[in-house]
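K.L.:
Take a look at final.tsv, TSV, C-alpha atoms:
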chain	number	residue	atom	x	y	z
A	18	MET	CA	0.00	0.00	0.00
A	19	GLU	CA	2.83	2.36	0.94
A	20	LYS	CA	4.63	1.66	-2.32
A	21	THR	CA	1.45	2.44	-4.27
A	22	LEU	CA	1.07	5.77	-2.46
A	23	LYS	CA	4.72	6.61	-3.13
A	24	TYR	CA	4.31	5.84	-6.83
A	25	VAL	CA	1.18	7.99	-6.99
A	26	LEU	CA	2.94	10.86	-5.20
A	27	VAL	CA	6.03	10.62	-7.42
A	28	GLY	CA	3.84	10.51	-10.52
A	29	PHE	CA	1.85	13.53	-9.36
A	30	LEU	CA	4.99	15.55	-8.63
A	31	ALA	CA	6.48	14.60	-11.98
A	32	PHE	CA	3.28	15.64	-13.75
A	33	LEU	CA	3.28	18.94	-11.84
A	34	ALA	CA	6.92	19.61	-12.70
A	35	LEU	CA	6.28	18.85	-16.37
A	36	GLY	CA	3.27	21.18	-16.41
A	37	LEU	CA	5.32	23.95	-14.84
A	38	LEU	CA	8.11	23.43	-17.37
A	39	VAL	CA	5.67	23.60	-20.29
A	40	PHE	CA	4.13	26.80	-18.87
A	41	MET	CA	7.58	28.41	-18.46
A	42	ILE	CA	8.55	27.55	-22.04
A	43	PHE	CA	5.24	28.90	-23.32
A	44	ALA	CA	5.51	32.11	-21.30
A	45	MET	CA	9.12	32.78	-22.32
A	46	SER	CA	8.39	32.13	-25.99
A	47	LYS	CA	5.65	34.76	-26.08
A	48	LYS	CA	6.74	38.33	-26.72
A	49	ASP	CA	3.87	39.72	-24.65
A	50	TRP	CA	4.53	37.48	-21.65
A	51	PHE	CA	6.83	38.13	-18.71
A	52	PHE	CA	7.78	35.37	-16.28
A	53	SER	CA	9.71	35.52	-13.02
A	54	PHE	CA	10.45	33.37	-9.96
A	55	PHE	CA	11.45	36.42	-7.94
A	56	THR	CA	9.91	39.53	-6.50
A	57	GLU	CA	8.95	41.89	-9.32
A	58	GLU	CA	7.76	45.37	-8.36
A	59	SER	CA	6.26	48.02	-10.59
A	60	HIS	CA	7.89	51.44	-10.50
A	61	LEU	CA	7.33	54.85	-12.03
A	62	VAL	CA	8.65	54.67	-15.61
A	63	LEU	CA	7.11	57.83	-17.06
A	64	GLU	CA	6.09	61.21	-15.64
A	65	LYS	CA	5.10	64.15	-17.84
A	66	ASP	CA	3.14	67.40	-17.52
A	67	TYR	CA	1.19	69.12	-20.30
A	68	ASP	CA	-0.49	72.48	-20.80
A	69	VAL	CA	-4.19	71.90	-21.54
A	70	SER	CA	-4.09	74.38	-24.44
A	71	THR	CA	-1.60	72.25	-26.41
A	72	PHE	CA	-4.05	69.46	-27.39
A	73	ASP	CA	-7.75	68.85	-28.10
A	74	THR	CA	-8.12	65.15	-27.24
A	75	ILE	CA	-6.62	62.54	-24.92
A	76	LYS	CA	-6.25	58.97	-26.16
A	77	ILE	CA	-5.09	56.22	-23.77
A	78	LEU	CA	-4.18	52.85	-25.31
A	79	SER	CA	-3.36	49.88	-23.10
A	80	THR	CA	-3.83	46.11	-22.89
A	81	TYR	CA	-3.55	44.79	-19.32
A	82	SER	CA	-2.88	47.96	-17.31
A	83	ASP	CA	-5.45	49.63	-15.09
A	84	VAL	CA	-6.32	53.18	-16.15
A	85	ARG	CA	-7.19	55.84	-13.58
A	86	VAL	CA	-8.27	59.39	-14.47
A	87	LEU	CA	-8.22	61.57	-11.37
A	88	ASN	CA	-8.89	65.17	-10.31
A	89	HIS	CA	-6.23	67.56	-9.12
A	90	GLU	CA	-6.13	71.28	-8.29
A	91	ALA	CA	-3.53	72.22	-10.92
A	92	SER	CA	-4.54	73.61	-14.34
A	93	SER	CA	-2.21	71.26	-16.20
A	94	VAL	CA	-2.42	67.56	-17.13
A	95	LYS	CA	-0.07	65.10	-15.43
A	96	VAL	CA	0.65	61.61	-16.78
A	97	LEU	CA	2.14	58.88	-14.58
A	98	ILE	CA	2.82	55.31	-15.73
A	99	TYR	CA	3.82	52.52	-13.33
A	100	SER	CA	5.28	49.35	-14.77
A	101	SER	CA	7.96	46.69	-14.43
A	102	ASN	CA	9.22	47.58	-17.91
A	103	ASP	CA	9.84	50.80	-19.82
A	104	GLN	CA	7.47	50.14	-22.72
A	105	ALA	CA	5.41	53.31	-22.32
A	106	THR	CA	5.13	56.57	-24.26
A	107	SER	CA	3.25	59.83	-23.91
A	108	GLU	CA	3.38	62.54	-26.58
A	109	ILE	CA	1.25	65.04	-28.47
A	110	ASN	CA	0.57	64.13	-32.08
A	111	LYS	CA	-1.73	66.25	-34.28
A	112	GLN	CA	-3.53	67.91	-31.35
A	113	THR	CA	-4.00	64.55	-29.60
A	114	LEU	CA	-2.24	63.59	-26.38
A	115	GLU	CA	-1.47	59.91	-27.02
A	116	ILE	CA	-0.60	57.73	-24.03
A	117	ASN	CA	0.51	54.20	-24.95
A	118	LYS	CA	1.26	51.42	-22.49
A	119	ASN	CA	2.63	48.29	-24.20
A	120	ASP	CA	1.90	45.60	-21.62
A	121	ARG	CA	3.00	42.01	-21.35
A	122	LYS	CA	1.11	39.18	-19.71
A	123	TYR	CA	2.73	38.37	-16.42
A	124	GLY	CA	3.54	35.12	-14.61
A	125	CYS	CA	5.28	35.02	-11.28
A	126	PHE	CA	6.18	32.49	-8.57
A	127	GLY	CA	7.22	33.75	-5.14
A	128	PHE	CA	6.56	37.14	-3.55
A	129	CYS	CA	5.10	39.24	-6.35
A	130	SER	CA	4.06	42.85	-6.10
A	131	HIS	CA	3.15	43.59	-9.69
A	132	LYS	CA	0.68	46.16	-10.96
A	133	GLU	CA	0.64	47.89	-14.31
A	134	GLU	CA	-1.11	51.27	-14.09
A	135	VAL	CA	-1.68	54.43	-16.10
A	136	VAL	CA	-2.67	57.45	-13.99
A	137	VAL	CA	-3.78	60.74	-15.57
A	138	TYR	CA	-4.53	63.83	-13.48
A	139	LEU	CA	-6.89	66.40	-15.02
A	140	PRO	CA	-8.25	69.77	-13.83
A	141	HIS	CA	-11.78	69.65	-12.40
A	142	ASP	CA	-13.16	71.72	-15.30
A	143	PHE	CA	-11.50	69.67	-18.06
A	144	ASN	CA	-13.91	69.67	-21.03
A	145	LYS	CA	-12.13	67.90	-23.88
A	146	ASP	CA	-12.69	64.43	-25.29
A	147	LEU	CA	-11.15	61.39	-23.60
A	148	PHE	CA	-10.74	57.99	-25.31
A	149	ILE	CA	-9.65	54.91	-23.35
A	150	HIS	CA	-9.07	51.57	-25.10
A	151	THR	CA	-7.95	48.56	-23.04
A	152	VAL	CA	-8.29	44.77	-23.07
A	153	SER	CA	-8.53	43.57	-19.47
A	154	GLY	CA	-7.41	46.49	-17.35
A	155	GLU	CA	-9.89	48.24	-15.09
A	156	VAL	CA	-10.92	51.84	-15.84
A	157	ASP	CA	-11.73	54.36	-13.11
A	158	VAL	CA	-12.71	57.98	-13.89
A	159	GLU	CA	-13.40	60.52	-11.14
A	160	ASN	CA	-15.66	63.62	-11.25
A	161	PHE	CA	-15.57	65.66	-14.47
A	162	SER	CA	-18.96	67.24	-15.17
A	163	SER	CA	-17.90	68.61	-18.61
A	164	LEU	CA	-16.04	65.55	-19.86
A	165	ASP	CA	-17.04	63.43	-22.87
A	166	ILE	CA	-15.54	59.95	-22.50
A	167	GLU	CA	-15.39	56.85	-24.67
A	168	VAL	CA	-14.23	53.52	-23.22
A	169	LYS	CA	-13.70	50.26	-25.10
A	170	THR	CA	-12.66	47.17	-23.13
A	171	THR	CA	-12.97	43.39	-23.32
A	172	SER	CA	-13.14	42.19	-19.72
A	173	GLY	CA	-12.17	45.07	-17.47
A	174	ASP	CA	-14.66	46.81	-15.15
A	175	VAL	CA	-15.44	50.45	-15.92
A	176	SER	CA	-16.32	53.07	-13.31
A	177	VAL	CA	-17.20	56.70	-14.13
A	178	ASN	CA	-18.23	58.91	-11.22
A	179	HIS	CA	-19.40	62.02	-13.08
A	180	ALA	CA	-19.27	63.07	-16.74
A	181	SER	CA	-21.23	64.87	-19.44
A	182	LYS	CA	-21.40	62.07	-22.01
A	183	VAL	CA	-20.30	58.46	-21.57
A	184	SER	CA	-19.91	55.85	-24.31
A	185	ILE	CA	-18.84	52.35	-23.21
A	186	GLU	CA	-18.35	49.09	-25.12
A	187	SER	CA	-17.54	46.01	-23.04
A	188	ILE	CA	-17.68	42.20	-23.39
A	189	SER	CA	-17.74	40.94	-19.82
A	190	GLY	CA	-16.76	43.79	-17.54
A	191	GLU	CA	-19.23	45.46	-15.23
A	192	VAL	CA	-20.17	49.14	-15.66
A	193	PHE	CA	-20.66	51.62	-12.81
A	194	ILE	CA	-21.72	55.21	-13.57
A	195	GLY	CA	-22.52	57.95	-11.10
A	196	THR	CA	-24.11	61.08	-12.62
A	197	VAL	CA	-24.20	61.65	-16.37
A	198	LEU	CA	-26.20	63.54	-19.00
A	199	ASP	CA	-26.02	61.16	-21.98
A	200	VAL	CA	-25.18	57.44	-21.97
A	201	LEU	CA	-24.41	55.02	-24.82
A	202	LEU	CA	-23.71	51.46	-23.65
A	203	LYS	CA	-23.04	48.16	-25.43
A	204	THR	CA	-22.18	45.15	-23.28
A	205	VAL	CA	-22.47	41.38	-23.56
A	206	SER	CA	-22.52	39.92	-20.04
A	207	GLY	CA	-21.53	42.71	-17.71
A	208	ASP	CA	-24.05	44.31	-15.36
A	209	ILE	CA	-24.82	48.03	-15.72
A	210	ASN	CA	-25.33	50.17	-12.61
A	211	ILE	CA	-26.13	53.89	-13.00
A	212	HIS	CA	-27.04	56.37	-10.28
A	213	SER	CA	-28.45	59.26	-12.33
A	214	ILE	CA	-29.12	60.08	-16.01
A	215	ASN	CA	-30.42	63.53	-16.98
A	216	LYS	CA	-30.83	63.51	-20.79
A	217	THR	CA	-30.69	60.27	-22.80
A	218	ILE	CA	-29.78	56.60	-22.58
A	219	GLN	CA	-29.13	54.08	-25.35
A	220	ALA	CA	-28.18	50.75	-23.82
A	221	SER	CA	-28.01	47.19	-25.13
A	222	THR	CA	-26.75	44.09	-23.32
A	223	THR	CA	-27.11	40.33	-23.73
A	224	SER	CA	-27.21	38.89	-20.22
A	225	GLY	CA	-26.22	41.74	-17.95
A	226	GLU	CA	-28.70	43.40	-15.63
A	227	VAL	CA	-29.49	47.13	-15.87
A	228	LEU	CA	-30.13	49.12	-12.70
A	229	ILE	CA	-30.81	52.89	-12.76
A	230	ASP	CA	-31.59	54.86	-9.60
A	231	PHE	CA	-32.84	58.14	-11.15
A	232	LEU	CA	-33.78	58.79	-14.78
A	233	THR	CA	-34.85	62.05	-16.45
A	234	LEU	CA	-35.10	62.23	-20.26
A	235	GLU	CA	-34.96	65.06	-22.78
A	236	ALA	CA	-35.11	62.84	-25.87
A	237	GLU	CA	-36.44	59.40	-26.84
A	238	SER	CA	-34.28	56.59	-25.45
A	239	PHE	CA	-34.08	52.80	-25.30
A	240	ILE	CA	-32.81	49.86	-23.23
A	241	GLU	CA	-32.53	46.37	-24.76
A	242	THR	CA	-31.45	43.13	-23.11
A	243	VAL	CA	-31.86	39.42	-23.81
A	244	SER	CA	-31.91	37.78	-20.37
A	245	GLY	CA	-30.96	40.53	-17.93
A	246	ASP	CA	-33.48	42.31	-15.71
A	247	VAL	CA	-34.11	46.05	-16.07
A	248	GLU	CA	-34.98	48.16	-13.04
A	249	ILE	CA	-35.53	51.93	-12.90
A	250	ARG	CA	-36.19	52.98	-9.33
A	251	GLU	CA	-37.37	56.52	-10.06
A	252	GLY	CA	-38.27	58.07	-13.44
A	253	THR	CA	-39.26	61.70	-14.07
A	254	ARG	CA	-41.50	62.66	-17.01
A	255	ILE	CA	-40.90	59.45	-18.95
A	256	TYR	CA	-43.35	57.17	-20.72
A	257	VAL	CA	-42.23	53.53	-20.65
A	258	ASP	CA	-43.00	51.35	-23.66
A	259	ALA	CA	-42.01	47.93	-22.26
A	260	LYS	CA	-42.02	44.54	-23.97
A	261	SER	CA	-40.80	41.21	-22.60
A	262	THR	CA	-41.26	37.75	-24.13
A	263	SER	CA	-41.24	35.73	-20.91
A	264	GLY	CA	-40.22	38.18	-18.19
A	265	ASN	CA	-42.54	39.96	-15.75
A	266	LEU	CA	-43.58	43.61	-16.22
A	267	GLU	CA	-44.23	46.04	-13.37
A	268	ILE	CA	-44.75	49.61	-14.58
A	269	HIS	CA	-46.21	52.24	-12.26
A	270	SER	CA	-48.74	54.85	-13.48
A	271	GLN	CA	-47.47	57.11	-16.29
A	272	ASP	CA	-48.51	59.74	-18.84
A	273	SER	CA	-48.21	58.97	-22.58
A	274	SER	CA	-47.44	62.64	-23.28
A	275	PHE	CA	-44.05	62.28	-21.58
A	276	ILE	CA	-40.81	61.40	-23.38
A	277	PRO	CA	-40.84	57.73	-24.48
A	278	LEU	CA	-38.40	55.14	-23.17
A	279	LYS	CA	-38.51	51.81	-25.00
A	280	ILE	CA	-37.47	48.81	-22.92
A	281	LYS	CA	-37.27	45.38	-24.56
A	282	THR	CA	-36.19	42.05	-23.06
A	283	ILE	CA	-36.56	38.37	-23.97
A	284	SER	CA	-36.57	36.71	-20.57
A	285	GLY	CA	-35.62	39.49	-18.19
A	286	ASP	CA	-38.04	41.22	-15.83
A	287	ILE	CA	-38.84	44.96	-16.20
A	288	LEU	CA	-39.56	47.07	-13.13
A	289	VAL	CA	-40.11	50.85	-13.29
A	290	GLY	CA	-40.94	52.62	-10.02
Any chance you could give the structure as structure tokens?
P.N.:
Amino acid sequence: MEKTLKYVLVGFLAFLALGLLVFMIFAMSKKDWFFSFFTEESHLVLEKDYDVSTFDTIKILSTYSDVRVLNHEASSVKVLIYSSNDQATSEINKQTLEINKNDRKYGCFGFCSHKEEVVVYLPHDFNKDLFIHTVSGEVDVENFSSLDIEVKTTSGDVSVNHASKVSIESISGEVFIGTVLDVLLKTVSGDINIHSINKTIQASTTSGEVLIDFLTLEAESFIETVSGDVEIREGTRIYVDAKSTSGNLEIHSQDSSFIPLKIKTISGDILVG
């Protein structure tokens, strides 16, 4: 019996060692992979300041890094990039501030303190366009009441506290929005949570749920989902035209003279308070 257990243990350890070896070879053969057995810490690799008057648009391109857009009291724009490598650039090209972070997938054994991050500080009254394109990094934008922002991501979560107009395309990441005037959303499986909308919403999702705390419309809008529920806790001067194939409908009293909001689901419930 003991010999059998020893053979099983030796076989398991050999299988584990072989799997680890294959993974190491795979990781090292990929140009966008980084692999280490040792402690690997991110550090500040780029720091630049820009006068707001020198560009019209900010474009941030990344793959695996988190992107944070924060407020500060200064009138300039500050760009900080933290990474374990120096593959990052920030420059103005044809009136566009282009921030590029060329990331690599990361594998590590041991004590690892690794975080790729792009941090951009903007004045509170910044009112130019902001484009953020990332694959799996998370996106966090603080309070900018005059900002128009477009975010495209595959699996990263997106959080926008306050903006004028927000456009988000996501495959599986969740979306969190605070206060906004206009919203354009396209997601596949991520949930959508919005505190307040004051003009329009155009939202479509496959299986994600849609939750809106306060909704006021100035133009016709729509929300479409396949299997996710839709809930609007409080709507002002809106007329809800709701259709669901197999989901339940609960729409409180409303006036057809108000601005129409079309809500369509296949199997999701629709609740408008």
K.L.:
So that I can see what lies close to Val205 in chain A, please list as a list in words the residues with an atom at most 10 Å from it, counting only C-alpha atoms and leaving out residues fewer than 4 positions away in the same chain.
P.N.:
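Close residues of Val205 in chain A: Thr171, Glu186, Ser187, Ile188, Ser189, Gly190, Glu191, Ser221, Thr222, Thr223, Ser224, Gly225, Thr242 and Val243 of chain A.
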K.L.:
Print the selection's residues with C-alpha atoms to a file, as a PDB file, keeping the file's coordinate frame.
P.N.:
ATOM      1  CA  THR A 171     -12.970  43.390 -23.320  1.00  0.00           C
ATOM      2  CA  GLU A 186     -18.350  49.090 -25.120  1.00  0.00           C
ATOM      3  CA  SER A 187     -17.540  46.010 -23.040  1.00  0.00           C
ATOM      4  CA  ILE A 188     -17.680  42.200 -23.390  1.00  0.00           C
ATOM      5  CA  SER A 189     -17.740  40.940 -19.820  1.00  0.00           C
ATOM      6  CA  GLY A 190     -16.760  43.790 -17.540  1.00  0.00           C
ATOM      7  CA  GLU A 191     -19.230  45.460 -15.230  1.00  0.00           C
ATOM      8  CA  SER A 221     -28.010  47.190 -25.130  1.00  0.00           C
ATOM      9  CA  THR A 222     -26.750  44.090 -23.320  1.00  0.00           C
ATOM     10  CA  THR A 223     -27.110  40.330 -23.730  1.00  0.00           C
ATOM     11  CA  SER A 224     -27.210  38.890 -20.220  1.00  0.00           C
ATOM     12  CA  GLY A 225     -26.220  41.740 -17.950  1.00  0.00           C
ATOM     13  CA  THR A 242     -31.450  43.130 -23.110  1.00  0.00           C
ATOM     14  CA  VAL A 243     -31.860  39.420 -23.810  1.00  0.00           C
TER      15      VAL A 243
END
K.L.:
Just the number, please: distance in Å from CA of Asp66 in chain A to CA of Ser163 in chain A, one decimal.
P.N.:
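These two atoms are separated by 21.1 Å.
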K.L.:
In Å to one decimal, how far is CA of Gly154 in chain A from CA of Asp246 in chain A?
P.N.:
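Rounded to one decimal, the two atoms are 26.5 Å apart.
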K.L.:
Excluding same-chain residues fewer than 4 positions from Ser92 in chain A, what lies within 10 Å of it counting all atoms listed in the file, as a compact mmCIF listing (two decimals) with C-alpha atoms, in the coordinates of the input?
P.N.:
# COMPACT_ATOMS: atom_id res chain seq x y z
CA TYR A 67 1.19 69.12 -20.30
CA ASP A 68 -0.49 72.48 -20.80
CA VAL A 69 -4.19 71.90 -21.54
CA TYR A 138 -4.53 63.83 -13.48
CA LEU A 139 -6.89 66.40 -15.02
CA PRO A 140 -8.25 69.77 -13.83
CA HIS A 141 -11.78 69.65 -12.40
CA ASP A 142 -13.16 71.72 -15.30
CA PHE A 143 -11.50 69.67 -18.06
K.L.:
Which polymer residues, whether protein, DNA or RNA, lie within 9 Å of the coordinate (8.6, 54.1, -15.2) when you count all atoms listed in the file? List them as a list in words, using the chain letters and numbers from the file.
P.N.:
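I get Ser59, His60, Leu61, Val62, Leu63, Glu64, Leu97, Ile98, Tyr99, Ser100, Ser101, Asn102, Asp103, Gln104 and Ala105 of chain A for the residues within 9 Å of that point.
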K.L.:
Create the file for the chosen residues now, containing C-alpha atoms and written as an mmCIF file, in the coordinates of the input.
P.N.:
data_model
loop_
_atom_site.group_PDB
_atom_site.id
_atom_site.type_symbol
_atom_site.label_atom_id
_atom_site.label_comp_id
_atom_site.auth_asym_id
_atom_site.auth_seq_id
_atom_site.Cartn_x
_atom_site.Cartn_y
_atom_site.Cartn_z
ATOM 1 C CA SER A 59 6.260 48.020 -10.590
ATOM 2 C CA HIS A 60 7.890 51.440 -10.500
ATOM 3 C CA LEU A 61 7.330 54.850 -12.030
ATOM 4 C CA VAL A 62 8.650 54.670 -15.610
ATOM 5 C CA LEU A 63 7.110 57.830 -17.060
ATOM 6 C CA GLU A 64 6.090 61.210 -15.640
ATOM 7 C CA LEU A 97 2.140 58.880 -14.580
ATOM 8 C CA ILE A 98 2.820 55.310 -15.730
ATOM 9 C CA TYR A 99 3.820 52.520 -13.330
ATOM 10 C CA SER A 100 5.280 49.350 -14.770
ATOM 11 C CA SER A 101 7.960 46.690 -14.430
ATOM 12 C CA ASN A 102 9.220 47.580 -17.910
ATOM 13 C CA ASP A 103 9.840 50.800 -19.820
ATOM 14 C CA GLN A 104 7.470 50.140 -22.720
ATOM 15 C CA ALA A 105 5.410 53.310 -22.320
#
K.L.:
Between CA of Ser153 in chain A and CA of His212 in chain A, what is the spacing in Å?
P.N.:
24.3 Å
